[in-house]
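Text of the file start_8.csv, holding CSV, C-alpha atoms and all ligand atoms:
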chain,number,residue,atom,x,y,z
M,1,MET,CA,5.5,10.0,-26.8
M,2,SER,CA,6.5,7.2,-24.4
M,3,ALA,CA,6.0,7.9,-20.7
M,4,THR,CA,8.8,7.6,-18.1
M,5,ILE,CA,8.5,4.5,-16.0
M,6,LEU,CA,8.7,5.2,-12.3
M,7,SER,CA,10.2,2.0,-11.0
M,8,GLY,CA,9.6,1.4,-7.3
M,9,LYS,CA,12.7,-0.8,-6.9
M,10,GLU,CA,15.4,1.8,-6.6
M,11,PHE,CA,13.2,4.0,-4.3
M,12,ALA,CA,12.3,1.0,-2.1
M,13,GLU,CA,16.0,0.0,-1.8
M,14,ALA,CA,17.0,3.6,-0.9
M,15,ILE,CA,14.4,3.8,1.8
M,16,LYS,CA,15.5,0.4,3.2
M,17,ARG,CA,19.1,1.5,3.2
M,18,GLU,CA,18.2,4.7,5.1
M,19,VAL,CA,16.2,2.6,7.7
M,20,ALA,CA,19.0,0.1,8.1
M,21,ALA,CA,21.5,3.0,8.7
M,22,GLU,CA,19.1,4.6,11.3
M,23,ILE,CA,18.7,1.2,13.1
M,24,ALA,CA,22.5,0.7,13.2
M,25,ALA,CA,22.8,4.0,15.0
M,26,LEU,CA,20.2,3.1,17.7
M,27,SER,CA,21.2,1.7,21.0
M,28,PHE,CA,18.4,-0.9,20.7
M,29,LYS,CA,16.8,-3.1,18.1
M,30,PRO,CA,13.2,-2.2,17.2
M,31,CYS,CA,10.7,-5.0,17.3
M,32,LEU,CA,7.8,-5.5,14.9
M,33,ALA,CA,5.0,-8.1,15.7
M,34,VAL,CA,3.0,-9.3,12.7
M,35,VAL,CA,-0.2,-11.3,13.4
M,36,ARG,CA,-1.7,-13.5,10.7
M,37,VAL,CA,-5.0,-15.3,11.2
M,38,GLY,CA,-5.9,-18.2,8.9
M,39,GLU,CA,-4.5,-19.5,5.6
M,40,ASP,CA,-5.2,-16.7,3.0
M,41,PRO,CA,-2.4,-17.4,0.5
M,42,ALA,CA,-1.9,-13.7,-0.5
M,43,SER,CA,-1.6,-12.8,3.2
M,44,ALA,CA,1.0,-15.5,3.7
M,45,VAL,CA,3.1,-14.0,0.9
M,46,TYR,CA,2.7,-10.4,2.2
M,47,VAL,CA,3.6,-11.4,5.8
M,48,GLY,CA,6.6,-13.5,4.6
M,49,SER,CA,7.9,-10.5,2.8
M,50,LYS,CA,7.4,-8.1,5.8
M,51,VAL,CA,9.1,-10.5,8.2
M,52,ARG,CA,12.0,-11.1,5.8
M,53,THR,CA,12.6,-7.5,5.1
M,54,ALA,CA,12.4,-6.6,8.8
M,55,GLU,CA,15.1,-9.2,9.6
M,56,GLU,CA,17.3,-8.0,6.7
M,57,LEU,CA,17.2,-4.4,8.1
M,58,GLY,CA,18.0,-5.4,11.7
M,59,ILE,CA,14.4,-5.2,13.0
M,60,ILE,CA,13.4,-8.0,15.4
M,61,SER,CA,10.3,-9.6,14.0
M,62,GLU,CA,7.8,-11.7,15.8
M,63,HIS,CA,5.4,-13.6,13.6
M,64,ARG,CA,2.2,-14.9,15.3
M,65,HIS,CA,0.2,-17.2,13.0
M,66,MET,CA,-3.2,-18.1,14.5
M,67,PRO,CA,-5.6,-20.7,13.1
M,68,ALA,CA,-8.5,-19.8,10.8
M,69,GLU,CA,-11.0,-20.6,13.6
M,70,THR,CA,-9.5,-18.1,16.1
M,71,THR,CA,-12.1,-16.3,18.1
M,72,GLN,CA,-12.4,-12.6,18.6
M,73,ALA,CA,-11.5,-13.0,22.3
M,74,GLU,CA,-8.3,-15.0,21.4
M,75,LEU,CA,-7.2,-12.4,18.9
M,76,MET,CA,-7.9,-9.5,21.2
M,77,ARG,CA,-5.8,-11.3,23.9
M,78,VAL,CA,-2.8,-11.4,21.6
M,79,VAL,CA,-3.2,-7.7,20.6
M,80,ASN,CA,-3.5,-6.7,24.3
M,81,GLU,CA,-0.5,-8.8,25.2
M,82,LEU,CA,1.6,-7.1,22.4
M,83,ASN,CA,0.3,-3.7,23.5
M,84,SER,CA,1.5,-4.3,27.0
M,85,ARG,CA,5.0,-5.5,26.1
M,86,ASP,CA,7.7,-2.9,26.3
M,87,ASP,CA,10.0,-4.6,23.8
M,88,VAL,CA,7.3,-4.5,21.0
M,89,ASP,CA,7.4,-1.2,19.0
M,90,GLY,CA,5.1,-2.1,16.1
M,91,ILE,CA,2.0,-4.2,15.8
M,92,LEU,CA,0.5,-5.2,12.4
M,93,VAL,CA,-2.6,-7.4,12.1
M,94,GLN,CA,-2.6,-8.6,8.5
M,95,LEU,CA,-5.9,-8.1,6.7
M,96,PRO,CA,-8.3,-9.6,5.6
M,97,LEU,CA,-9.4,-11.4,8.8
M,98,PRO,CA,-11.7,-14.4,8.8
M,99,PRO,CA,-15.4,-13.6,8.8
M,100,GLN,CA,-16.0,-14.3,12.5
M,101,ILE,CA,-13.6,-11.5,13.5
M,102,ASP,CA,-14.8,-7.9,13.9
M,103,GLU,CA,-11.9,-6.2,12.1
M,104,ARG,CA,-12.7,-2.7,13.4
M,105,GLU,CA,-12.6,-3.8,17.0
M,106,VAL,CA,-9.2,-5.4,16.5
M,107,LEU,CA,-7.7,-2.4,14.7
M,108,GLU,CA,-9.1,0.0,17.3
M,109,ALA,CA,-7.5,-2.2,20.1
M,110,ILE,CA,-4.0,-1.7,18.8
M,111,ASP,CA,-2.1,0.9,20.8
M,112,PRO,CA,-2.0,4.0,18.4
M,113,GLU,CA,1.7,4.4,19.2
M,114,LYS,CA,2.4,0.9,17.9
M,115,ASP,CA,0.0,1.1,15.0
M,116,VAL,CA,2.5,0.8,12.1
M,117,ASP,CA,-0.3,0.3,9.5
M,118,GLY,CA,-1.7,3.7,10.5
M,119,PHE,CA,-5.3,2.5,10.5
M,120,HIS,CA,-6.2,3.4,14.1
M,121,PRO,CA,-8.8,6.3,14.3
M,122,VAL,CA,-6.3,8.3,16.4
M,123,ASN,CA,-3.7,8.1,13.6
M,124,VAL,CA,-6.4,8.8,11.0
M,125,GLY,CA,-7.6,11.9,12.8
M,126,LYS,CA,-4.0,13.2,13.3
M,127,LEU,CA,-3.3,12.7,9.6
M,128,TRP,CA,-6.4,14.7,8.6
M,129,GLN,CA,-5.4,17.4,11.1
M,130,GLY,CA,-1.9,17.6,9.5
M,131,GLN,CA,-0.3,16.3,12.8
M,132,ARG,CA,2.7,13.9,12.9
M,133,SER,CA,1.3,10.4,13.0
M,134,LEU,CA,1.9,6.9,11.7
M,135,VAL,CA,0.6,7.0,8.1
M,136,PRO,CA,-0.7,4.1,6.1
M,137,CYS,CA,2.2,2.5,4.2
M,138,THR,CA,0.9,2.4,0.6
M,139,PRO,CA,-0.2,6.0,0.2
M,140,ALA,CA,3.0,7.1,2.1
M,141,GLY,CA,5.0,5.1,-0.5
M,142,VAL,CA,3.2,7.0,-3.3
M,143,ILE,CA,4.3,10.3,-1.8
M,144,GLU,CA,7.9,9.0,-1.6
M,145,ILE,CA,7.8,8.0,-5.3
M,146,LEU,CA,6.5,11.4,-6.3
M,147,LYS,CA,9.1,13.3,-4.2
M,148,ARG,CA,12.1,11.1,-5.1
M,149,SER,CA,11.2,11.4,-8.8
M,150,GLY,CA,11.2,15.2,-8.5
M,151,ILE,CA,7.6,15.4,-9.4
M,152,GLY,CA,6.1,18.6,-7.9
M,153,ILE,CA,2.9,18.1,-5.9
M,154,ALA,CA,2.1,21.6,-4.5
M,155,GLY,CA,-0.5,23.4,-6.6
M,156,MET,CA,-1.1,20.4,-8.9
M,157,ASN,CA,-4.5,19.0,-9.6
M,158,ALA,CA,-4.5,15.5,-8.0
M,159,VAL,CA,-7.4,13.0,-8.6
M,160,VAL,CA,-7.6,9.9,-6.5
M,161,ILE,CA,-9.9,7.1,-7.8
M,162,GLY,CA,-10.9,5.1,-4.7
M,163,ARG,CA,-12.1,6.1,-1.3
M,164,SER,CA,-11.0,3.2,0.9
M,165,ASN,CA,-9.7,3.7,4.4
M,166,ILE,CA,-6.5,1.9,3.5
M,167,VAL,CA,-5.5,3.7,0.3
M,168,GLY,CA,-7.9,6.3,-1.2
M,169,LYS,CA,-8.7,8.5,1.8
M,170,PRO,CA,-5.2,8.6,3.4
M,171,MET,CA,-3.8,9.2,-0.1
M,172,ALA,CA,-6.1,12.3,-0.5
M,173,ALA,CA,-5.1,13.5,3.0
M,174,LEU,CA,-1.4,13.2,2.2
M,175,LEU,CA,-1.8,15.0,-1.1
M,176,ILE,CA,-3.6,17.8,0.6
M,177,LYS,CA,-0.8,18.0,3.2
M,178,GLU,CA,1.6,18.4,0.2
M,179,SER,CA,-0.6,21.3,-1.0
M,180,ALA,CA,-2.2,19.6,-4.1
M,181,THR,CA,-5.8,20.4,-5.0
M,182,VAL,CA,-7.4,17.1,-4.5
M,183,THR,CA,-10.6,15.4,-5.9
M,184,ILE,CA,-11.6,11.9,-4.7
M,185,CYS,CA,-13.6,9.8,-7.1
M,186,HIS,CA,-15.5,6.5,-6.5
M,187,SER,CA,-18.1,4.2,-8.0
M,188,LYS,CA,-20.8,6.9,-7.8
M,189,THR,CA,-18.8,9.6,-9.5
M,190,SER,CA,-20.5,10.8,-12.7
M,191,ASP,CA,-18.4,11.2,-15.8
M,192,LEU,CA,-15.3,9.9,-14.1
M,193,ALA,CA,-13.2,10.3,-17.3
M,194,ALA,CA,-14.0,14.1,-17.4
M,195,VAL,CA,-12.8,14.5,-13.8
M,196,ALA,CA,-9.8,12.2,-14.0
M,197,SER,CA,-8.6,13.7,-17.3
M,198,GLN,CA,-8.1,17.0,-15.4
M,199,ALA,CA,-5.5,15.5,-13.2
M,200,ASP,CA,-1.8,16.4,-13.3
M,201,ILE,CA,-1.4,13.5,-10.8
M,202,LEU,CA,-3.8,10.6,-11.1
M,203,VAL,CA,-3.8,7.9,-8.5
M,204,ALA,CA,-5.8,4.7,-9.2
M,205,ALA,CA,-6.8,2.6,-6.2
M,206,ILE,CA,-9.8,0.8,-7.5
M,207,GLY,CA,-9.2,-3.0,-7.7
M,208,ARG,CA,-10.2,-3.4,-11.3
M,209,ALA,CA,-7.7,-4.6,-13.9
M,210,GLY,CA,-6.8,-1.9,-16.4
M,211,PHE,CA,-9.8,0.3,-15.5
M,212,VAL,CA,-8.0,3.6,-16.2
M,213,ARG,CA,-7.8,4.1,-20.0
M,214,ALA,CA,-6.6,6.8,-22.4
M,215,GLU,CA,-9.8,8.9,-21.8
M,216,HIS,CA,-9.0,9.2,-18.1
M,217,ILE,CA,-5.4,10.4,-18.6
M,218,LYS,CA,-4.4,14.1,-19.3
M,219,PRO,CA,-1.6,14.2,-21.8
M,220,GLY,CA,1.7,14.3,-19.8
M,221,ALA,CA,0.1,13.5,-16.4
M,222,THR,CA,1.8,11.4,-13.7
M,223,VAL,CA,-0.2,8.2,-13.3
M,224,ILE,CA,0.2,6.2,-10.1
M,225,ASP,CA,-1.2,2.7,-10.2
M,226,VAL,CA,-1.9,1.2,-6.8
M,227,GLY,CA,-4.0,-1.7,-8.0
M,228,ILE,CA,-2.9,-5.3,-7.9
M,229,ASN,CA,-5.2,-7.6,-9.9
M,230,ASN,CA,-4.8,-11.1,-11.5
M,231,VAL,CA,-5.6,-11.2,-15.2
M,232,THR,CA,-6.4,-14.7,-16.4
M,233,SER,CA,-7.9,-13.8,-19.8
M,234,GLU,CA,-5.6,-13.7,-22.8
M,235,ASP,CA,-8.1,-11.4,-24.6
M,236,LEU,CA,-8.0,-8.8,-21.7
M,237,ALA,CA,-4.2,-9.1,-21.7
M,238,ARG,CA,-4.1,-8.3,-25.4
M,239,GLU,CA,-6.3,-5.3,-24.7
M,240,LEU,CA,-4.0,-4.0,-21.9
M,241,PHE,CA,-0.5,-4.7,-23.1
M,242,GLY,CA,1.4,-3.3,-26.1
M,243,GLU,CA,3.5,-5.2,-28.5
M,244,ASP,CA,6.6,-4.7,-26.3
M,245,GLU,CA,5.1,-6.7,-23.4
M,246,ILE,CA,2.3,-8.9,-24.6
M,247,ASP,CA,4.4,-12.0,-25.4
M,248,LYS,CA,6.0,-12.1,-22.0
M,249,ARG,CA,2.5,-11.6,-20.3
M,250,LEU,CA,0.9,-14.3,-22.4
M,251,ASN,CA,3.7,-16.7,-21.4
M,252,THR,CA,3.1,-15.9,-17.8
M,253,ILE,CA,-0.6,-16.6,-18.1
M,254,ALA,CA,0.2,-19.9,-19.9
M,255,LYS,CA,2.7,-20.9,-17.1
M,256,ARG,CA,1.0,-19.6,-13.9
M,257,GLY,CA,-2.6,-19.2,-15.0
M,258,PHE,CA,-2.5,-15.4,-14.4
M,259,THR,CA,-0.5,-12.2,-14.8
M,260,LEU,CA,-0.4,-9.2,-12.4
M,261,VAL,CA,-2.0,-6.1,-13.7
M,262,GLY,CA,-2.7,-2.8,-12.0
M,263,ASP,CA,-5.8,-0.5,-12.2
M,264,VAL,CA,-4.3,1.3,-15.2
M,265,CYS,CA,-4.1,0.1,-18.8
M,266,PRO,CA,-0.3,0.1,-19.2
M,267,LYS,CA,-0.5,0.4,-23.0
M,268,ASP,CA,-2.5,3.6,-22.7
M,269,ALA,CA,-0.4,5.0,-19.8
M,270,LYS,CA,2.8,4.5,-21.8
M,271,ALA,CA,1.3,6.3,-24.8
M,272,LYS,CA,-0.4,9.2,-23.0
M,273,ALA,CA,1.1,9.9,-19.5
M,274,GLY,CA,4.3,11.7,-18.8
M,275,ALA,CA,5.3,9.2,-16.1
M,276,PHE,CA,3.6,6.1,-14.6
M,277,THR,CA,4.3,3.4,-12.1
M,278,PRO,CA,4.4,-0.2,-13.4
M,279,VAL,CA,2.7,-3.3,-12.0
M,280,PRO,CA,4.5,-5.2,-10.7
M,281,GLY,CA,7.5,-3.3,-9.7
M,282,GLY,CA,5.9,0.0,-8.7
M,283,VAL,CA,4.0,1.1,-5.7
M,284,GLY,CA,3.8,-2.4,-4.2
M,285,LEU,CA,7.5,-2.4,-3.5
M,286,LEU,CA,7.3,0.8,-1.5
M,287,THR,CA,4.6,-0.5,0.8
M,288,VAL,CA,6.9,-2.9,2.7
M,289,ALA,CA,9.7,-0.3,2.8
M,290,MET,CA,7.4,2.2,4.4
M,291,LEU,CA,6.3,-0.3,7.0
M,292,MET,CA,9.9,-0.6,8.0
M,293,LYS,CA,10.1,3.2,8.2
M,294,ASN,CA,7.0,3.3,10.3
M,295,THR,CA,8.4,0.7,12.7
M,296,ILE,CA,11.5,2.7,13.3
M,297,GLU,CA,9.4,5.9,13.7
M,298,ALA,CA,7.3,4.2,16.3
M,299,ALA,CA,10.3,2.8,18.1
M,300,LYS,CA,12.0,6.2,18.2
M,301,ALA,CA,8.9,7.9,19.4
M,302,ARG,CA,8.2,5.3,22.1
M,303,ARG,CA,11.8,4.9,23.4
M,304,GLY,CA,12.9,8.5,22.9
L,1,LIG,P1,-11.4,-1.2,-2.0
L,1,LIG,O1,-12.1,-2.3,-2.7
L,1,LIG,O2,-11.5,-1.1,-0.5
L,1,LIG,O3,-11.8,0.2,-2.6
L,1,LIG,C1,-11.9,0.4,-4.0
L,1,LIG,C2,-12.4,1.8,-4.3
L,1,LIG,O4,-12.5,1.9,-5.7
L,1,LIG,C3,-13.7,2.1,-3.7
L,1,LIG,O5,-13.7,3.4,-3.1
L,1,LIG,C4,-14.7,2.0,-4.9
L,1,LIG,O6,-15.8,2.9,-4.8
L,1,LIG,C5,-13.8,2.4,-6.0
L,1,LIG,N1,-14.3,1.8,-7.2
L,1,LIG,C6,-14.7,0.6,-7.5
L,1,LIG,N2,-15.2,0.4,-8.7
L,1,LIG,C7,-15.2,1.7,-9.2
L,1,LIG,C8,-15.6,2.2,-10.5
L,1,LIG,N3,-16.1,1.5,-11.4
L,1,LIG,N4,-15.4,3.5,-10.7
L,1,LIG,C9,-14.9,4.3,-9.8
L,1,LIG,N5,-14.5,3.9,-8.5
L,1,LIG,C10,-14.6,2.6,-8.3
L,1,LIG,O7,-9.8,-1.4,-2.4
L,1,LIG,P2,-8.5,-0.9,-1.8
L,1,LIG,O8,-8.5,0.6,-1.7
L,1,LIG,O9,-8.2,-1.7,-0.6
L,1,LIG,O10,-7.4,-1.3,-2.9
L,1,LIG,C11,-7.5,-0.8,-4.2
L,1,LIG,C12,-6.5,-1.5,-5.1
L,1,LIG,O11,-5.2,-1.3,-4.5
L,1,LIG,C13,-6.7,-3.1,-5.1
L,1,LIG,O12,-6.3,-3.5,-6.4
L,1,LIG,C14,-5.7,-3.6,-4.1
L,1,LIG,O13,-5.3,-4.9,-4.4
L,1,LIG,C15,-4.6,-2.6,-4.3
L,1,LIG,N6,-3.7,-2.4,-3.1
L,1,LIG,C16,-2.4,-2.4,-3.3
L,1,LIG,C17,-1.5,-2.2,-2.3
L,1,LIG,C18,0.0,-2.1,-2.6
L,1,LIG,O14,0.8,-2.3,-1.7
L,1,LIG,N7,0.3,-1.8,-3.9
L,1,LIG,C19,-1.9,-2.1,-0.9
L,1,LIG,C20,-3.4,-2.0,-0.8
L,1,LIG,C21,-4.2,-2.2,-1.8
L,1,LIG,P3,-17.0,2.8,-3.7
L,1,LIG,O15,-16.4,3.3,-2.4
L,1,LIG,O16,-18.0,3.8,-4.2
L,1,LIG,O17,-17.4,1.4,-3.7

Could you take the file, read its structure, and then write that structure out as structure tokens?
Amino acid sequence: MSATILSGKEFAEAIKREVAAEIAALSFKPCLAVVRVGEDPASAVYVGSKVRTAEELGIISEHRHMPAETTQAELMRVVNELNSRDDVDGILVQLPLPPQIDEREVLEAIDPEKDVDGFHPVNVGKLWQGQRSLVPCTPAGVIEILKRSGIGIAGMNAVVIGRSNIVGKPMAALLIKESATVTICHSKTSDLAAVASQADILVAAIGRAGFVRAEHIKPGATVIDVGINNVTSEDLARELFGEDEIDKRLNTIAKRGFTLVGDVCPKDAKAKAGAFTPVPGGVGLLTVAMLMKNTIEAAKARRG
């Protein structure tokens, strides 16, 4: 058996086309402000992709890049200024922030109506109460993949590995909203394989390359891989990738020093799952598309 690959590309493109069409029909252009502090290279790539995509779709984007030594007060001033501006519909403060910054204080300062990342406690509370809210982009993208692939969620056993505020917990809330029976696992879960292998839908959001192996996967399950990890070791790559992919991956390691791998062993998912999302090219592509969707939702809600 070889599992169906749930490629994120076509779903992300479809969502972006839908957002662009909605924007074209509006009498105003929504505006997304993205704040980046410091020089984290991954953040620079993510922010670049968010700003570029916004512009492609007709969203005005404002990129504020602040130095690594920015103080709490300086960052709070920028957030407050963006909160008070009528022309700004969405505010995103790219994480991680430098160590001198209290991340929670910053995220809680963002106007919940402009909180396009969906991390503000007001939006978190609304999500768990099943109310309409701005929902974190990555788990929202997972739901889109499942729905657009025609994978039924209601009544299914869903297991989420990971309980972070950014992915694991909102993922569980969204799956409950879709009427799945949900179990959340984490580093203290005993016999994780026994729990995970009961899942019809298994979501891995752990941050460990190729953690999910054959023993975690129920035959025919849908496996969603949220993880993004760099693998530098050729031996680990040989363990995770099958013959169809290993040469390409080893070449990438030789050229760039690493290859991107999710939290799921792709060789095992291919052999045992019914469907799975690849890394790269899966969930990650949906995250930016869902940010655009949240920006337009925020703009419509604010400006009627
Ligand atoms: P966190 O580090 O915040 O959370 C990881 C979770 O995994 C924790 O709940 C932790 O448990 C759990 N975990 C760690 N080790 C184990 C283990 N051995 N067994 C069981 N559970 C374990 O990560 P995030 O949620 O922020 O991200 C998860 C992954 O998703 C990362 O690879 C990240 O890069 C990726 N990501 C991808 C995005 C995308 O757009 N595709 C967006 C955001 C994240 P505990 O709570 O007990 O410590």

- Item | Selected residue, from M:Ile206, M:Ala194, M:Ala299, M:Ala273, that lies nearest to ligand LIG 1 (chain L) when counting all atoms listed in the file | M:Ile206

Taking a cut-off of 10 Å and counting only C-alpha atoms and all ligand atoms, can you build a table that, for each residue of chain M near ligand LIG 1 (chain L), reports the nearest atom pair and how far apart they are in Å (one decimal), sorted by chain then residue number, as a Markdown table?
| residue | atom | partner | partner_atom | distance |
| --- | --- | --- | --- | --- |
| M:Tyr46 | CA | L:LIG1 | O14 | 9.2 |
| M:Leu95 | CA | L:LIG1 | O9 | 10.0 |
| M:Pro136 | CA | L:LIG1 | C19 | 9.4 |
| M:Cys137 | CA | L:LIG1 | O14 | 7.7 |
| M:Thr138 | CA | L:LIG1 | O14 | 5.2 |
| M:Pro139 | CA | L:LIG1 | C19 | 8.3 |
| M:Gly141 | CA | L:LIG1 | O14 | 8.6 |
| M:Val142 | CA | L:LIG1 | N7 | 9.3 |
| M:Val160 | CA | L:LIG1 | N5 | 9.4 |
| M:Ile161 | CA | L:LIG1 | N5 | 5.6 |
| M:Gly162 | CA | L:LIG1 | O5 | 3.6 |
| M:Arg163 | CA | L:LIG1 | O5 | 3.6 |
| M:Ser164 | CA | L:LIG1 | O8 | 4.4 |
| M:Asn165 | CA | L:LIG1 | O8 | 6.9 |
| M:Ile166 | CA | L:LIG1 | O9 | 5.7 |
| M:Val167 | CA | L:LIG1 | O8 | 4.8 |
| M:Gly168 | CA | L:LIG1 | O8 | 5.8 |
| M:Lys169 | CA | L:LIG1 | O8 | 8.6 |
| M:Met171 | CA | L:LIG1 | O8 | 9.9 |
| M:Ile184 | CA | L:LIG1 | O5 | 8.9 |
| M:Cys185 | CA | L:LIG1 | N5 | 6.1 |
| M:His186 | CA | L:LIG1 | N5 | 3.4 |
| M:Ser187 | CA | L:LIG1 | N5 | 3.6 |
| M:Lys188 | CA | L:LIG1 | O16 | 5.5 |
| M:Thr189 | CA | L:LIG1 | C9 | 6.6 |
| M:Ser190 | CA | L:LIG1 | C9 | 9.1 |
| M:Asp191 | CA | L:LIG1 | N4 | 9.7 |
| M:Leu192 | CA | L:LIG1 | C9 | 7.1 |
| M:Ala193 | CA | L:LIG1 | N4 | 9.7 |
| M:Ala204 | CA | L:LIG1 | C12 | 7.5 |
| M:Ala205 | CA | L:LIG1 | C11 | 4.0 |
| M:Ile206 | CA | L:LIG1 | O4 | 3.4 |
| M:Gly207 | CA | L:LIG1 | O12 | 3.2 |
| M:Arg208 | CA | L:LIG1 | O12 | 6.3 |
| M:Ala209 | CA | L:LIG1 | O12 | 7.7 |
| M:Phe211 | CA | L:LIG1 | N3 | 7.6 |
| M:Val212 | CA | L:LIG1 | N4 | 9.2 |
| M:Asp225 | CA | L:LIG1 | N7 | 7.9 |
| M:Val226 | CA | L:LIG1 | N7 | 4.7 |
| M:Gly227 | CA | L:LIG1 | O12 | 3.3 |
| M:Ile228 | CA | L:LIG1 | O12 | 4.1 |
| M:Asn229 | CA | L:LIG1 | O12 | 5.5 |
| M:Asn230 | CA | L:LIG1 | O12 | 9.3 |
| M:Val261 | CA | L:LIG1 | O12 | 8.9 |
| M:Gly262 | CA | L:LIG1 | O12 | 6.7 |
| M:Asp263 | CA | L:LIG1 | O12 | 6.5 |
| M:Val279 | CA | L:LIG1 | N7 | 8.6 |
| M:Pro280 | CA | L:LIG1 | N7 | 8.7 |
| M:Gly281 | CA | L:LIG1 | N7 | 9.4 |
| M:Gly282 | CA | L:LIG1 | N7 | 7.6 |
| M:Val283 | CA | L:LIG1 | N7 | 5.0 |
| M:Gly284 | CA | L:LIG1 | N7 | 3.6 |
| M:Leu285 | CA | L:LIG1 | O14 | 6.9 |
| M:Leu286 | CA | L:LIG1 | O14 | 7.2 |
| M:Thr287 | CA | L:LIG1 | O14 | 4.9 |
| M:Val288 | CA | L:LIG1 | O14 | 7.5 |

- Note on the structure: Taken to one decimal, the atom CA of Ala21 of chain M-atom CA of Gln131 of chain M distance is 25.9 Å

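If you look at atom CA of Val182 of chain M and atom CA of Thr222 of chain M, they are 14.2 Å away from each other.
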
- Query: Which residue, M:Met76, M:Val264, M:Ala33, M:Leu134, has the smallest gap to Ile60 of chain M when you use all atoms listed in the file?
  - Reply: M:Ala33

- Smallest atom-to-atom distance to Glu297 of chain M: which of M:Lys267, M:Lys114, M:His120, M:His63, using all atoms listed in the file? M:Lys114

- Message: So, with only C-alpha atoms as the atoms that count, which of M:Ile91, M:Leu97, M:Met290, M:Val223 lies closest to Leu32 of chain M?
- Response: M:Ile91
